[in-house]
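Notes to accompany the following structure.
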Amino acid sequence: MFRTISFDAPRAILVAFLLALLTLGLVPVVQASGPYVIGSANTVTADATIQRPQTTPCSVTLFSNFGFDNNYDLNPFSYAPPADCPGPWAKVVLEVDIDVTAGIQYDRTANIWLGGANIFFGTTAEPSPSLSPSWHAESDLTDYSTLFSAAQQGSVYLGNTVNSTYTGIQYATATLQFYPLAPKQTAPVTADVVLPLSAGSTGGTVALNTSTDTLSGTFTLPTNIQNAYLDVYSQSQSGDEFWYTCVPNDVASELQSCGNTGFRETEVTIDGTPAGVAPVSPWIYTGGIDPWLWFPIPGVQTLNFAPYRVDLTPFAALLSNGQQHTIALSVFNANGYFSDTATLLLYLDAGSAQVTGSTVKNSLAAPNPVVSENLNVGTSITGSVKVTSNRSFVISGFVNTSHGKVTTTINENLSFRNYQVFNISNTQYLQQISQTGKIHSATLVQVPGQPNLTIYKNWSFPLVLDINEFVTSSGGINLTTKARQTYSNQQISYQNSFLFDNKAVTNTAVRQDTLEFDPNFNLIGNINQSASQTYNQQQDIPHINYICTITAVANALTSFGPQCSE
């Protein structure tokens with residue numbers, strides 16, 4: 001038997017306040033793509049570009065054409081806000097351009113930090129001896145505007161090894177685009193305070209090897225917080241890179257797989273008390289399972305991760321009490337390891353020096369996944385393993401602000417299922433994975449005498465993998481992989497029963513490939529490769545209806561739809 005291989009206020013003020021809440025809690029928009037050239041193997045996605053204002057932006061270059069050659073350091077750069085475009089800004093967009101020289105190289109992780117806060121997290125596309133991939137990534141960082149208002153130090157990380165075997169060198173340029181407000185335009189609601197949870201003052205992720213390892217930050221916070229959010233990244237690495245393929249520990253040996261089951265989840269605590277949950281996205285990097293799966297269309301969000309935003313507003317009064325508080329992350333079932341960072345966003349009540357209030361309900365508890373096994377073990381192994389985790393919780397709290405008592409109640413339902421089917425013999429290793437992870441939440445904001453505001457959020461990131469490694473009639477070995485990924489994020493906002501806004505993003509990619517090996521397990525090539533991606537973005541205010549589909553065959557782009565950004 002053999003195992004699947006891996007390559008690597010007054011009323012007007014109060015109404016304005018309530019409507020402003022509609023813009024809070026949204027995940028920063030991210031995008032990554034390359035130019036659409038039929039017949040090209042260059043890296044390309046169907047992602048939509050960031051919507052831009054009509055005003056002319058000021059550009060600030062963080063670093064230009066920086067080369068990452070045997071470099072595992074946090075490389076410093078200096079930042080100063082644009083003198084010709086003082087804030088507040090209508091929008092702030094980070095643009096990152098990366099290319100890798102032709103050769104042999106693994107996918108690598110890239111981070112950009114400013115004042116210790118993460119402003120970019122993604123991975124790189126693998127090159128080939130005949131391909132030097134290049135791509136462009138964008139992130140909407142308007143919520144982080146206060147971070148960009150002062151001169152400070154930043155750093156960039158892109159760990160890379162270059163030697164006689166691994167020859168690809170990455171070059172990167174990063175620029176911030178600041179869009180001024182148009183005449184009479186009201187500035188967007190942005191965080192008043194941005195605080196990093198990272199490895200140090202210059203940034204850096206923290207490795208969480210087990211469930212008990214934590215990334216934490218201890219702060220004495222402003223005493224007038226009215227909304228709080230935490231943007232969370234949990235990137236799977238090393239033994240946890242393919243966590244969705246893992247199985248229960250008692251059958252890991254015979255299934256030749258990693259342990260701790262196929263369930264992972266990021267837990268958020270405040271002073272040791274459960275405060276929120278962030279799902280672990282099953283990102284697959286361009287060296288994952290079979291590198292030819294990802295030429296030229298990489299996996300969903302592979303080049304530019306979207307953080308998961310956890311709403312901590314029910315704890316605003318607690319965080320405002322003038323005492324030190326510790327906010328921490330851990331990954332349930334971590335098994336060496338997850339690379340984590342987070343950013344705390346605080347929105348303050350400008351009319352109060354001190355808010356009061358309380359967290360009145362918190363039913364969030366640790367997950368308690370259920371494992372089932374149905375395996376027949378003999379000369380061959382057939383059957384299935386499954387892990388599920390389903391729970392609901394309510395967290396509610398209020399703050400007495402300068403514009404009234406504001407009560408925020410979060411009702412959240414989480415469901416997770418990882419189901420795997422195996423057929424293992426001396427001539428085959430078949431592993432079929434069907435995984436679904438969903439979060440549905442309803443956030444109710446209440447102010448006496450005002451319409452209730454309800455924000456519904458639906459998040460999911462299902463994954464289907466069919467991995468079949470088998471001996472051919474000629475004695476060689478083929479590895480056929482089929483994969484389907486979907487990222488879906490929807491937010492619907494109501495005032496009482498009146499639909500105020502509706503926005504949604506769905507990102508689906510389907511692909512397959514077969515690797516061919518000779519009887520000595522030397523790679524011969526790949527056959528039957530195909531891929532497609534469809535990105536759909538819809539929004540009521542402003543109206544957006546964007547859909548782009550791209551396809552590839554034999555590792556080259558074959559089509560792109562008429563709406564695809566060029």
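Here, A, B, ... name the chains of the structure tokens in the order displayed, residue numbers run from 1 inside each chain, and ligands are numbered from 1 in the same displayed order.
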request  = Determine which residues of stretch 20-170 of chain A receive a DSSP assignment of strand (DSSP E), computed from the backbone, and state them as a ChimeraX atom specification.
outcome  = /A:30-33,58-68,75-79,89-100,109-114,117-123,134-140,152-158,170
inquiry  = If we count only C-alpha atoms and set the cut-off at 6 Å, which residues sit around A:Glu126, ignoring sequence neighbours fewer than 5 positions away in its own chain? Please answer as a ChimeraX atom specification.
reply    = /A:105-107
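Distances to A:Ser64 were evaluated for A:Leu176, A:Ala182, A:Glu241, A:Gln529 using only C-alpha atoms, and the minimum falls at A:Leu176.
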query = Contacts of stretch 481-493 of chain A at 6 Å or less, counting only C-alpha atoms, minus same-chain residues fewer than 4 places along, as a PyMOL selection string?
reply = chain A and resi 454-467+500-513
key: A:Pro451 environment, 10 Å, only C-alpha atoms, sequence neighbours closer than 3 positions dropped, as a list in words   = Val15, Leu18, Val445, Gln446, Val447, Pro448, Thr454, Tyr494, Gln495, Asn496, Ser497 and Phe498 of chain A
Store the residues of this selection in a file with N, CA and C atoms, as a CSV table (one decimal), in the first residue's frame.
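Saved result, out.csv, follows:
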```
chain,number,residue,atom,x,y,z
A,15,VAL,N,-29.9,57.7,13.9
A,15,VAL,CA,-30.2,57.0,12.7
A,15,VAL,C,-28.9,56.8,11.9
A,18,LEU,N,-26.9,54.1,13.3
A,18,LEU,CA,-27.5,52.8,13.0
A,18,LEU,C,-27.1,52.4,11.6
A,445,VAL,N,-29.3,44.7,16.5
A,445,VAL,CA,-28.9,45.9,17.2
A,445,VAL,C,-30.2,46.7,17.6
A,446,GLN,N,-30.3,46.9,18.9
A,446,GLN,CA,-31.5,47.6,19.4
A,446,GLN,C,-31.2,48.9,20.2
A,447,VAL,N,-31.9,49.9,19.9
A,447,VAL,CA,-31.9,51.2,20.6
A,447,VAL,C,-33.3,51.6,20.9
A,448,PRO,N,-33.6,51.9,22.2
A,448,PRO,CA,-35.0,52.2,22.5
A,448,PRO,C,-35.6,53.3,21.6
A,454,THR,N,-31.1,44.4,11.9
A,454,THR,CA,-30.7,43.0,11.9
A,454,THR,C,-29.8,42.7,10.7
A,494,TYR,N,-31.5,44.4,7.5
A,494,TYR,CA,-32.8,44.9,7.6
A,494,TYR,C,-33.0,46.0,8.7
A,495,GLN,N,-33.8,47.0,8.4
A,495,GLN,CA,-34.3,47.8,9.5
A,495,GLN,C,-35.8,47.4,9.7
A,496,ASN,N,-36.1,46.9,10.9
A,496,ASN,CA,-37.3,46.2,11.1
A,496,ASN,C,-37.5,45.2,10.0
A,497,SER,N,-38.6,45.3,9.2
A,497,SER,CA,-38.8,44.3,8.1
A,497,SER,C,-38.4,44.9,6.8
A,498,PHE,N,-37.7,46.1,6.8
A,498,PHE,CA,-37.4,46.7,5.5
A,498,PHE,C,-36.0,46.3,5.1
```
task = Find the spatial neighbours of A:Ala554, counting only C-alpha atoms, within a cut-off of 10 Å - ignore same-chain residues fewer than 4 positions away - and output them as an MDAnalysis selection string.
result = chainID A and resid 39 41 292:293 295:296 513 526:531 558
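Taking atom CA of A:Ala32 and atom CA of A:Pro86 as the two end points, the separation is 27.7 Å.
Ranking A:Val385, A:Leu444, A:Val251, A:Val93 by their shortest atom-to-atom distance to A:Ile410, with only C-alpha atoms included, puts A:Leu444 first.
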Residue neighbourhood A:Leu158, 9 Å, only C-alpha atoms, exclusion window fewer than 4 positions, as a list in words = Phe68, Asn71, Tyr72, Asp73, Leu74, Asn75, Arg108, Thr109, Ala110, Asn111, Ile112, Thr123, Thr124 and Gln170 of chain A
request  = Using only C-alpha atoms, determine which residues lie at most 6 Å from A:Thr223, disregarding the query and same-chain residues fewer than 3 positions distant; provide the list as a list in words.
outcome  =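 What passes the distance filter is Ser320, Asn321, Gly322 and Gln354 of chain A.
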inquiry  = Between atom CA of A:Cys58 and atom CA of A:Ala117, what is the distance in Å, rounded to a tenth?
reply    = 21.9 Å
